[in-house]
file protein29.txt (compact mmCIF, C-alpha atoms and all ligand atoms)
# COMPACT_ATOMS: atom_id res chain seq x y z
CA MET A 1 100.20 98.16 76.26
CA SER A 2 100.02 101.87 77.03
CA VAL A 3 102.99 103.64 78.51
CA ARG A 4 102.58 104.52 82.19
CA VAL A 5 105.57 106.11 83.88
CA ARG A 6 105.99 107.55 87.32
CA PHE A 7 108.14 110.05 89.14
CA ALA A 8 108.37 108.86 92.74
CA PRO A 9 110.27 111.33 94.93
CA SER A 10 110.59 111.17 98.69
CA PRO A 11 109.69 114.41 100.50
CA THR A 12 112.97 114.57 102.40
CA GLY A 13 114.01 118.09 101.41
CA ALA A 14 114.29 120.20 98.28
CA LEU A 15 114.23 118.36 94.98
CA HIS A 16 117.75 118.04 93.50
CA ILE A 17 118.01 119.27 89.89
CA GLY A 18 118.95 115.66 89.02
CA GLY A 19 115.52 114.63 90.26
CA VAL A 20 113.91 117.17 87.95
CA ARG A 21 115.91 115.65 85.10
CA THR A 22 114.67 112.14 86.04
CA ALA A 23 111.10 113.48 86.01
CA LEU A 24 111.78 115.05 82.60
CA TYR A 25 112.85 111.73 81.02
CA ASN A 26 109.67 110.12 82.32
CA TYR A 27 107.58 113.00 81.04
CA LEU A 28 109.16 112.95 77.58
CA LEU A 29 108.46 109.24 77.14
CA ALA A 30 104.87 109.75 78.29
CA ARG A 31 104.32 112.63 75.88
CA GLN A 32 106.04 110.93 72.97
CA THR A 33 103.88 107.81 73.29
CA GLY A 34 100.57 109.34 74.36
CA GLY A 35 101.10 107.68 77.74
CA THR A 36 100.44 108.73 81.33
CA MET A 37 102.77 110.60 83.70
CA ILE A 38 102.17 109.71 87.35
CA LEU A 39 103.41 111.42 90.51
CA ARG A 40 103.72 109.18 93.54
CA ILE A 41 105.03 110.49 96.85
CA GLU A 42 107.23 107.95 98.65
CA ASP A 43 106.94 109.14 102.23
CA THR A 44 107.32 105.93 104.24
CA ASP A 45 110.50 106.99 106.01
CA GLN A 46 109.02 109.08 108.77
CA ASN A 47 112.41 109.99 110.23
CA ARG A 48 113.37 111.75 107.02
CA PHE A 49 110.07 113.53 106.38
CA VAL A 50 110.50 117.29 105.89
CA PRO A 51 107.46 119.58 106.10
CA GLY A 52 106.93 121.60 102.92
CA ALA A 53 108.94 119.23 100.73
CA GLU A 54 105.89 117.79 98.95
CA GLU A 55 104.57 121.25 98.09
CA TYR A 56 108.05 122.15 96.88
CA ILE A 57 108.12 119.12 94.55
CA LEU A 58 104.71 120.02 93.07
CA GLU A 59 105.72 123.63 92.52
CA SER A 60 109.07 122.65 90.98
CA LEU A 61 107.47 120.30 88.46
CA ALA A 62 104.87 122.92 87.58
CA TRP A 63 107.63 125.52 87.09
CA ALA A 64 109.55 123.15 84.82
CA GLY A 65 106.42 122.55 82.73
CA ILE A 66 106.21 118.87 83.67
CA LYS A 67 102.49 118.19 83.77
CA ILE A 68 101.21 115.40 86.00
CA ASP A 69 98.36 113.37 84.49
CA GLU A 70 97.68 111.19 87.50
CA GLY A 71 98.77 111.04 91.14
CA VAL A 72 99.30 113.46 94.00
CA GLY A 73 97.76 116.79 93.06
CA ALA A 74 95.86 115.25 90.09
CA GLY A 75 93.97 112.24 91.49
CA GLY A 76 93.23 109.10 89.50
CA PRO A 77 92.00 105.51 89.56
CA HIS A 78 94.79 104.17 91.80
CA ALA A 79 94.50 106.72 94.63
CA PRO A 80 95.85 107.28 97.20
CA TYR A 81 99.20 108.13 95.60
CA ARG A 82 100.93 109.02 98.86
CA GLN A 83 102.50 105.86 100.25
CA SER A 84 101.87 106.73 103.90
CA GLU A 85 98.15 106.43 103.07
CA ARG A 86 98.56 102.91 101.64
CA LYS A 87 99.91 101.08 104.72
CA ALA A 88 97.25 98.35 104.78
CA ILE A 89 98.01 97.43 101.16
CA TYR A 90 101.69 96.81 101.92
CA MET A 91 101.00 94.80 105.10
CA HIS A 92 98.60 92.60 103.17
CA HIS A 93 101.21 91.94 100.49
CA ALA A 94 104.03 91.31 102.98
CA GLN A 95 101.80 88.79 104.74
CA GLN A 96 101.24 86.99 101.43
CA LEU A 97 104.99 86.55 101.04
CA VAL A 98 105.28 85.19 104.60
CA ASP A 99 102.47 82.72 103.88
CA LYS A 100 104.22 81.54 100.71
CA GLY A 101 107.55 81.12 102.54
CA HIS A 102 109.30 83.94 100.67
CA ALA A 103 109.53 86.23 103.70
CA TYR A 104 109.77 85.79 107.46
CA TYR A 105 109.33 87.64 110.74
CA ALA A 106 112.48 88.79 112.54
CA PHE A 107 112.71 89.93 116.16
CA ASP A 108 116.38 90.81 116.60
CA THR A 109 117.21 93.85 118.70
CA ALA A 110 119.66 96.51 117.56
CA ALA A 111 122.24 95.01 119.97
CA GLU A 112 121.75 91.52 118.52
CA LEU A 113 122.23 92.82 114.97
CA GLU A 114 125.37 94.64 116.09
CA ALA A 115 126.71 91.47 117.76
CA MET A 116 126.17 89.54 114.50
CA ARG A 117 128.25 92.10 112.61
CA GLU A 118 130.97 91.91 115.24
CA ARG A 119 131.12 88.11 115.12
CA THR A 120 131.70 88.10 111.39
CA PRO A 121 133.24 91.16 109.71
CA ASN A 122 131.17 92.37 106.71
CA ALA A 123 128.36 90.01 107.71
CA GLN A 124 124.89 90.86 106.51
CA TYR A 125 121.52 89.38 107.38
CA ASP A 126 121.33 86.67 104.72
CA SER A 127 121.28 82.92 104.10
CA THR A 128 124.64 82.52 105.89
CA THR A 129 123.53 84.27 109.09
CA ARG A 130 119.73 84.09 109.26
CA LEU A 131 119.72 80.73 111.05
CA GLN A 132 121.79 82.20 113.92
CA MET A 133 119.31 85.01 114.44
CA LYS A 134 115.96 85.47 116.20
CA ASN A 135 113.27 84.98 113.58
CA SER A 136 110.37 82.81 112.52
CA LEU A 137 112.76 80.39 110.81
CA THR A 138 114.59 79.62 114.06
CA LEU A 139 112.09 80.08 116.93
CA PRO A 140 109.34 77.61 117.89
CA ALA A 141 105.92 78.42 116.43
CA GLU A 142 104.34 79.44 119.73
CA ASP A 143 107.16 81.91 120.50
CA VAL A 144 106.77 83.38 117.03
CA LYS A 145 103.06 83.86 117.55
CA LYS A 146 103.64 85.59 120.90
CA ALA A 147 106.31 87.86 119.46
CA VAL A 148 104.17 88.77 116.44
CA ASP A 149 101.24 89.61 118.75
CA THR A 150 103.38 92.22 120.53
CA GLY A 151 103.82 93.98 117.18
CA GLU A 152 107.58 94.25 117.72
CA TYR A 153 108.88 92.71 114.53
CA VAL A 154 110.08 93.36 111.02
CA ILE A 155 109.35 91.23 107.94
CA ARG A 156 112.38 90.25 105.86
CA LEU A 157 112.68 88.93 102.33
CA LYS A 158 114.03 85.37 102.20
CA VAL A 159 116.57 85.63 99.40
CA PRO A 160 117.10 82.23 97.74
CA VAL A 161 120.52 80.57 97.90
CA GLY A 162 122.86 80.13 94.92
CA GLU A 163 120.91 81.77 92.13
CA GLU A 164 121.73 84.35 89.54
CA VAL A 165 119.23 87.17 89.07
CA VAL A 166 119.23 88.55 85.55
CA LEU A 167 117.60 91.80 84.61
CA HIS A 168 117.51 93.72 81.36
CA ASP A 169 118.04 97.43 81.73
CA LEU A 170 117.16 99.58 78.71
CA ILE A 171 120.32 101.65 79.26
CA ARG A 172 122.79 99.30 80.92
CA GLY A 173 121.85 96.11 79.09
CA GLU A 174 121.99 92.79 80.88
CA VAL A 175 122.73 93.02 84.60
CA ARG A 176 123.53 89.83 86.52
CA VAL A 177 123.67 89.56 90.30
CA MET A 178 124.35 86.45 92.41
CA THR A 179 121.87 86.04 95.26
CA SER A 180 124.82 85.37 97.60
CA GLN A 181 125.49 89.14 97.39
CA LEU A 182 121.96 90.12 98.35
CA ASP A 183 120.87 90.58 101.95
CA ASP A 184 117.47 89.63 103.38
CA LYS A 185 116.08 93.15 103.01
CA VAL A 186 113.55 94.40 105.54
CA LEU A 187 110.18 94.73 103.79
CA MET A 188 108.01 95.90 106.70
CA LYS A 189 109.47 97.95 109.54
CA SER A 190 108.50 97.71 113.20
CA ASP A 191 106.55 100.99 112.92
CA GLY A 192 104.13 99.28 110.50
CA MET A 193 105.51 101.15 107.51
CA PRO A 194 106.92 99.35 104.47
CA THR A 195 110.45 99.97 103.27
CA TYR A 196 111.13 101.55 99.90
CA HIS A 197 111.66 98.13 98.26
CA LEU A 198 108.29 96.62 99.13
CA ALA A 199 106.23 99.77 98.64
CA ASN A 200 107.92 100.59 95.33
CA VAL A 201 107.33 97.14 93.80
CA VAL A 202 103.76 96.77 95.09
CA ASP A 203 102.82 100.23 93.82
CA ASP A 204 104.52 99.90 90.44
CA TYR A 205 102.55 96.69 89.94
CA LEU A 206 99.18 97.96 91.23
CA MET A 207 99.54 101.26 89.34
CA GLN A 208 100.37 99.29 86.17
CA ILE A 209 103.64 101.09 85.55
CA SER A 210 105.14 100.06 82.20
CA HIS A 211 108.60 101.68 82.52
CA VAL A 212 110.60 102.44 85.67
CA ILE A 213 112.93 105.30 84.72
CA ARG A 214 115.04 106.39 87.69
CA GLY A 215 118.53 107.33 88.80
CA GLU A 216 121.34 104.82 88.58
CA GLU A 217 121.75 104.80 92.36
CA TRP A 218 118.76 102.41 92.40
CA LEU A 219 120.34 99.84 90.08
CA PRO A 220 121.78 97.80 93.00
CA SER A 221 118.24 97.50 94.44
CA ALA A 222 116.77 96.22 91.19
CA ALA A 223 117.83 92.60 91.80
CA HIS A 224 115.81 92.55 95.03
CA HIS A 225 112.89 94.03 93.11
CA VAL A 226 113.09 91.31 90.45
CA LEU A 227 112.92 88.69 93.24
CA LEU A 228 109.86 90.43 94.68
CA TYR A 229 108.08 90.43 91.29
CA ARG A 230 108.83 86.72 91.00
CA PHE A 231 107.64 85.84 94.52
CA PHE A 232 104.38 87.74 94.06
CA GLY A 233 103.83 85.93 90.75
CA TRP A 234 103.98 89.20 88.79
CA GLU A 235 106.92 88.44 86.50
CA GLN A 236 104.85 88.80 83.34
CA GLN A 237 103.78 92.31 84.42
CA MET A 238 107.23 93.45 85.53
CA PRO A 239 107.93 96.98 84.21
CA ARG A 240 110.91 97.62 81.96
CA PHE A 241 113.81 99.28 83.77
CA ALA A 242 115.91 102.24 82.63
CA HIS A 243 118.53 103.44 85.14
CA LEU A 244 119.76 106.91 84.17
CA PRO A 245 123.35 108.03 84.70
CA LEU A 246 123.53 110.63 87.48
CA LEU A 247 124.56 114.27 87.29
CA LEU A 248 128.18 114.05 88.39
CA LYS A 249 130.78 116.38 89.86
CA PRO A 250 132.85 118.07 87.13
CA ASP A 251 135.74 115.62 87.78
CA GLY A 252 133.30 112.75 87.24
CA ASN A 253 133.82 111.46 90.75
CA GLY A 254 130.47 110.96 92.44
CA LYS A 255 127.11 112.65 92.45
CA LEU A 256 126.93 116.44 92.10
CA SER A 257 126.26 117.78 95.58
CA LYS A 258 124.93 121.04 96.88
CA ARG A 259 128.41 121.83 98.17
CA ASP A 260 129.90 121.39 94.65
CA ALA A 261 127.23 123.63 93.16
CA ASP A 262 127.79 126.31 95.82
CA ARG A 263 131.51 126.19 95.22
CA MET A 264 131.10 126.57 91.46
CA GLY A 265 128.43 129.22 91.73
CA PHE A 266 125.32 127.62 90.26
CA PRO A 267 122.08 126.44 91.85
CA ILE A 268 121.32 122.80 92.67
CA PHE A 269 117.62 123.23 93.38
CA PRO A 270 114.94 124.30 90.88
CA LEU A 271 113.39 126.88 93.23
CA THR A 272 114.69 128.75 96.24
CA TRP A 273 114.51 126.55 99.31
CA THR A 274 114.86 127.31 102.99
CA ASP A 275 115.75 124.25 105.01
CA PRO A 276 113.19 124.20 107.88
CA ARG A 277 115.76 122.75 110.30
CA THR A 278 118.87 124.82 109.63
CA LYS A 279 117.00 127.86 108.19
CA GLU A 280 119.67 127.96 105.49
CA THR A 281 118.38 129.36 102.19
CA SER A 282 119.57 128.15 98.77
CA VAL A 283 118.65 130.22 95.74
CA GLY A 284 117.04 128.24 92.92
CA PHE A 285 117.35 128.15 89.12
CA ARG A 286 114.03 130.02 88.86
CA GLU A 287 115.25 132.88 91.04
CA ASN A 288 118.50 132.96 89.08
CA GLY A 289 116.52 133.81 85.99
CA TYR A 290 116.60 130.46 84.21
CA LEU A 291 113.49 129.87 82.08
N1 LIG B 301 111.63 107.31 96.33
C1 LIG B 301 112.74 106.99 95.50
C2 LIG B 301 113.60 108.26 95.38
O1 LIG B 301 113.46 109.11 96.18
C3 LIG B 301 112.24 106.52 94.15
C4 LIG B 301 113.18 105.65 93.38
C5 LIG B 301 112.44 104.99 92.23
O2 LIG B 301 112.05 105.72 91.30
O3 LIG B 301 112.20 103.78 92.29
O4 LIG B 301 114.43 108.44 94.53
call {"tool": "encode", "arguments": {"input": "protein29.txt", "output": "structure tokens", "more": "lines below"}}
Ligand code: GLU
result
Amino acid sequence: MSVRVRFAPSPTGALHIGGVRTALYNYLLARQTGGTMILRIEDTDQNRFVPGAEEYILESLAWAGIKIDEGVGAGGPHAPYRQSERKAIYMHHAQQLVDKGHAYYAFDTAAELEAMRERTPNAQYDSTTRLQMKNSLTLPAEDVKKAVDTGEYVIRLKVPVGEEVVLHDLIRGEVRVMTSQLDDKVLMKSDGMPTYHLANVVDDYLMQISHVIRGEEWLPSAAHHVLLYRFFGWEQQMPRFAHLPLLLKPDGNGKLSKRDADRMGFPIFPLTWTDPRTKETSVGFRENGYL
């Protein structure tokens, strides 16, 4: 099987230098194996969309010499590579999960979700609470149909009870998670956009990604992703996972932030970036003379 890797940033601001490093690992594996480097833009969170961020990502990768073989800016057989242009694909797949009984519609208001959390401290939407909530598992069929017709719903993953999800990470080894710790993640939001989890799994499968190489902050999500691969019937095609350690603060406590970098006098972004909201400018590695 040929190696197909992807860098999948969200255009929510300037690219962190840690993101460039993640892209670099993907690129090196692609080049070493004669594989394909793909750029996918994960722009389904419309509240966090920042104008200019996508252009910034493209320019940063070009500056770093990371050449994109397929995807945004390069085209290819699986276009479009911008997730906001693939909405119908995700809806179709979410519907399949509902039909198979692995996902369900939920109609709870923000106040009802809040009340659930107040009733039980640390409660999450999961197998212990879902039957007390307003969803297609608890409401009569005709009410469900009416509610779905209004378009005011989310689709949630129905996490199975009492199972252990095992995944093999190329860096971390065997990772085991009990399903009792996993919440019924929202897959489709009420604005018709998918969440990261659904869009990421559907696209990695459809784009025939062989290796998912990404930051370690995504390791906790991987168990949900394994369940999605299973429920779609794609287990045999599941990519291999490699979760990279993050760039940390010098004391090793947490992810290196822009504030840390400012304090210690080095850049955090590849290129100079002016935040369109605050108008604050941060000088980049390029402008600092780094090659
Ligand atoms: N859009 C995610 C991010 O911004 C991608 C994570 C992944 O590679 O799965 O980091």
call {"tool": "closest_atom_pairs", "arguments": {"input": "protein29.txt", "of": "chain A", "to": "ligand LIG 301 (chain B)", "cutoff": "8 Å", "atoms": "all atoms listed in the file", "output": "CSV"}}
result
residue,atom,partner,partner_atom,distance
A:Arg6,CA,B:LIG301,O2,7.5
A:Phe7,CA,B:LIG301,O2,6.2
A:Ala8,CA,B:LIG301,C3,4.7
A:Pro9,CA,B:LIG301,O1,4.1
A:Ser10,CA,B:LIG301,O1,4.3
A:Pro11,CA,B:LIG301,O1,7.8
A:Gly19,CA,B:LIG301,O4,7.6
A:Ile41,CA,B:LIG301,N1,7.3
A:Glu42,CA,B:LIG301,N1,5.0
A:Asp43,CA,B:LIG301,N1,7.8
A:Tyr196,CA,B:LIG301,N1,6.8
A:Asn200,CA,B:LIG301,O3,6.1
A:Val212,CA,B:LIG301,O2,6.7
A:Ile213,CA,B:LIG301,O2,6.7
A:Arg214,CA,B:LIG301,O2,4.7
A:Gly215,CA,B:LIG301,O2,7.1
A:Trp218,CA,B:LIG301,C4,6.5
call {"tool": "closest_residue", "arguments": {"input": "protein29.txt", "among": "A:Val177, A:Leu244, A:Val98, A:Ala147", "to": "Leu24 (chain A)", "atoms": "all atoms listed in the file"}}
result
A:Leu244
call {"tool": "atom_distance", "arguments": {"input": "protein29.txt", "atom1": "CA of Asp108 (chain A)", "atom2": "CA of Ala123 (chain A)"}}
result
14.9 Å
call {"tool": "residues_around", "arguments": {"input": "protein29.txt", "residues": "Ala64 (chain A)", "least_positions_apart": "2", "cutoff": "12 Å", "atoms": "only C-alpha atoms", "output": "tab-separated table (two decimals) with C-alpha atoms, in the frame of the given file"}}
result
chain	number	residue	atom	x	y	z
A	17	ILE	CA	118.01	119.27	89.89
A	19	GLY	CA	115.52	114.63	90.26
A	20	VAL	CA	113.91	117.17	87.95
A	21	ARG	CA	115.91	115.65	85.10
A	23	ALA	CA	111.10	113.48	86.01
A	24	LEU	CA	111.78	115.05	82.60
A	27	TYR	CA	107.58	113.00	81.04
A	57	ILE	CA	108.12	119.12	94.55
A	58	LEU	CA	104.71	120.02	93.07
A	59	GLU	CA	105.72	123.63	92.52
A	60	SER	CA	109.07	122.65	90.98
A	61	LEU	CA	107.47	120.30	88.46
A	62	ALA	CA	104.87	122.92	87.58
A	66	ILE	CA	106.21	118.87	83.67
A	67	LYS	CA	102.49	118.19	83.77
A	68	ILE	CA	101.21	115.40	86.00
A	269	PHE	CA	117.62	123.23	93.38
A	270	PRO	CA	114.94	124.30	90.88
A	271	LEU	CA	113.39	126.88	93.23
A	285	PHE	CA	117.35	128.15	89.12
A	286	ARG	CA	114.03	130.02	88.86
A	290	TYR	CA	116.60	130.46	84.21
A	291	LEU	CA	113.49	129.87	82.08
call {"tool": "residues_around", "arguments": {"input": "protein29.txt", "residues": "region 228-232 of chain A", "least_positions_apart": "4", "cutoff": "12 Å", "atoms": "all atoms listed in the file", "output": "compact mmCIF listing (two decimals) with C-alpha atoms, in the coordinates of the input"}}
result
# COMPACT_ATOMS: atom_id res chain seq x y z
CA HIS A 92 98.60 92.60 103.17
CA HIS A 93 101.21 91.94 100.49
CA ALA A 94 104.03 91.31 102.98
CA GLN A 95 101.80 88.79 104.74
CA GLN A 96 101.24 86.99 101.43
CA LEU A 97 104.99 86.55 101.04
CA VAL A 98 105.28 85.19 104.60
CA ASP A 99 102.47 82.72 103.88
CA LYS A 100 104.22 81.54 100.71
CA GLY A 101 107.55 81.12 102.54
CA HIS A 102 109.30 83.94 100.67
CA ALA A 103 109.53 86.23 103.70
CA ARG A 156 112.38 90.25 105.86
CA LEU A 157 112.68 88.93 102.33
CA LYS A 158 114.03 85.37 102.20
CA VAL A 159 116.57 85.63 99.40
CA PRO A 160 117.10 82.23 97.74
CA VAL A 165 119.23 87.17 89.07
CA VAL A 166 119.23 88.55 85.55
CA LEU A 167 117.60 91.80 84.61
CA ASP A 184 117.47 89.63 103.38
CA LYS A 185 116.08 93.15 103.01
CA LEU A 187 110.18 94.73 103.79
CA HIS A 197 111.66 98.13 98.26
CA LEU A 198 108.29 96.62 99.13
CA ALA A 199 106.23 99.77 98.64
CA ASN A 200 107.92 100.59 95.33
CA VAL A 201 107.33 97.14 93.80
CA VAL A 202 103.76 96.77 95.09
CA ASP A 203 102.82 100.23 93.82
CA ASP A 204 104.52 99.90 90.44
CA TYR A 205 102.55 96.69 89.94
CA LEU A 206 99.18 97.96 91.23
CA SER A 221 118.24 97.50 94.44
CA ALA A 222 116.77 96.22 91.19
CA ALA A 223 117.83 92.60 91.80
CA HIS A 224 115.81 92.55 95.03
CA GLN A 236 104.85 88.80 83.34
CA GLN A 237 103.78 92.31 84.42
CA MET A 238 107.23 93.45 85.53
CA PRO A 239 107.93 96.98 84.21
call {"tool": "closest_residue", "arguments": {"input": "protein29.txt", "among": "A:Asp45, A:Val50, A:Met207, A:Ala30", "to": "His78 (chain A)", "atoms": "all atoms listed in the file"}}
result
A:Met207
call {"tool": "atom_distance", "arguments": {"input": "protein29.txt", "atom1": "CA of Asp191 (chain A)", "atom2": "CA of Gln46 (chain A)"}}
result
9.4 Å
call {"tool": "atom_distance", "arguments": {"input": "protein29.txt", "atom1": "CA of Ala74 (chain A)", "atom2": "CA of Leu247 (chain A)"}}
result
28.9 Å
call {"tool": "residues_near_point", "arguments": {"input": "protein29.txt", "point": "(101.8, 107.9, 93.1)", "cutoff": "6 Å", "atoms": "all atoms listed in the file", "output": "MDAnalysis selection string"}}
result
chainID A and resid 39:41 71 81:82
call {"tool": "closest_residue", "arguments": {"input": "protein29.txt", "among": "A:Pro80, A:Gly75, A:Gly289, A:Pro220", "to": "Gln181 (chain A)", "atoms": "only C-alpha atoms"}}
result
A:Pro220
call {"tool": "closest_residue", "arguments": {"input": "protein29.txt", "among": "A:Phe241, A:Met1, A:Arg176, A:Val283", "to": "His211 (chain A)", "atoms": "only C-alpha atoms"}}
result
A:Phe241
call {"tool": "closest_residue", "arguments": {"input": "protein29.txt", "among": "A:Tyr25, A:Phe266, A:Phe107, A:Tyr90", "to": "Thr195 (chain A)", "atoms": "all atoms listed in the file"}}
result
A:Tyr90
call {"tool": "closest_residue", "arguments": {"input": "protein29.txt", "among": "A:Pro267, A:Gly192, A:Gly13, A:Pro276", "to": "Ile155 (chain A)", "atoms": "all atoms listed in the file"}}
result
A:Gly192
call {"tool": "residues_around", "arguments": {"input": "protein29.txt", "residues": "Val148 (chain A)", "least_positions_apart": "2", "cutoff": "12 Å", "atoms": "only C-alpha atoms", "output": "count of residues only"}}
result
21
call {"tool": "build_atoms", "arguments": {"input": "protein29.txt", "residues": "region 148-160 of chain A", "atoms": "N, CA and C atoms", "output": "PDB file, in the frame of the given file"}}
result
ATOM      1  N   VAL A 148     104.904  88.030 117.478  1.00  0.00           N
ATOM      2  CA  VAL A 148     104.170  88.770 116.440  1.00  0.00           C
ATOM      3  C   VAL A 148     103.025  89.548 117.085  1.00  0.00           C
ATOM      4  N   ASP A 149     102.367  88.936 118.085  1.00  0.00           N
ATOM      5  CA  ASP A 149     101.240  89.610 118.750  1.00  0.00           C
ATOM      6  C   ASP A 149     101.668  90.908 119.449  1.00  0.00           C
ATOM      7  N   THR A 150     102.923  90.976 119.886  1.00  0.00           N
ATOM      8  CA  THR A 150     103.380  92.220 120.530  1.00  0.00           C
ATOM      9  C   THR A 150     103.564  93.336 119.506  1.00  0.00           C
ATOM     10  N   GLY A 151     103.641  92.969 118.229  1.00  0.00           N
ATOM     11  CA  GLY A 151     103.820  93.980 117.180  1.00  0.00           C
ATOM     12  C   GLY A 151     105.259  94.419 117.001  1.00  0.00           C
ATOM     13  N   GLU A 152     106.161  93.848 117.795  1.00  0.00           N
ATOM     14  CA  GLU A 152     107.580  94.250 117.720  1.00  0.00           C
ATOM     15  C   GLU A 152     108.335  93.336 116.759  1.00  0.00           C
ATOM     16  N   TYR A 153     108.186  93.567 115.485  1.00  0.00           N
ATOM     17  CA  TYR A 153     108.880  92.710 114.530  1.00  0.00           C
ATOM     18  C   TYR A 153     109.106  93.455 113.225  1.00  0.00           C
ATOM     19  N   VAL A 154     109.980  92.910 112.408  1.00  0.00           N
ATOM     20  CA  VAL A 154     110.080  93.360 111.020  1.00  0.00           C
ATOM     21  C   VAL A 154     109.803  92.136 110.152  1.00  0.00           C
ATOM     22  N   ILE A 155     109.482  92.350 108.889  1.00  0.00           N
ATOM     23  CA  ILE A 155     109.350  91.230 107.940  1.00  0.00           C
ATOM     24  C   ILE A 155     110.497  91.366 106.946  1.00  0.00           C
ATOM     25  N   ARG A 156     111.231  90.255 106.779  1.00  0.00           N
ATOM     26  CA  ARG A 156     112.380  90.250 105.860  1.00  0.00           C
ATOM     27  C   ARG A 156     112.133  89.342 104.662  1.00  0.00           C
ATOM     28  N   LEU A 157     112.729  89.728 103.553  1.00  0.00           N
ATOM     29  CA  LEU A 157     112.680  88.930 102.330  1.00  0.00           C
ATOM     30  C   LEU A 157     113.619  87.731 102.488  1.00  0.00           C
ATOM     31  N   LYS A 158     113.159  86.541 102.123  1.00  0.00           N
ATOM     32  CA  LYS A 158     114.030  85.370 102.200  1.00  0.00           C
ATOM     33  C   LYS A 158     114.669  85.164 100.826  1.00  0.00           C
ATOM     34  N   VAL A 159     115.872  85.688 100.693  1.00  0.00           N
ATOM     35  CA  VAL A 159     116.570  85.630  99.400  1.00  0.00           C
ATOM     36  C   VAL A 159     117.024  84.179  99.154  1.00  0.00           C
ATOM     37  N   PRO A 160     116.721  83.612  97.999  1.00  0.00           N
ATOM     38  CA  PRO A 160     117.100  82.230  97.740  1.00  0.00           C
ATOM     39  C   PRO A 160     118.612  82.047  97.619  1.00  0.00           C
TER      40      PRO A 160
END
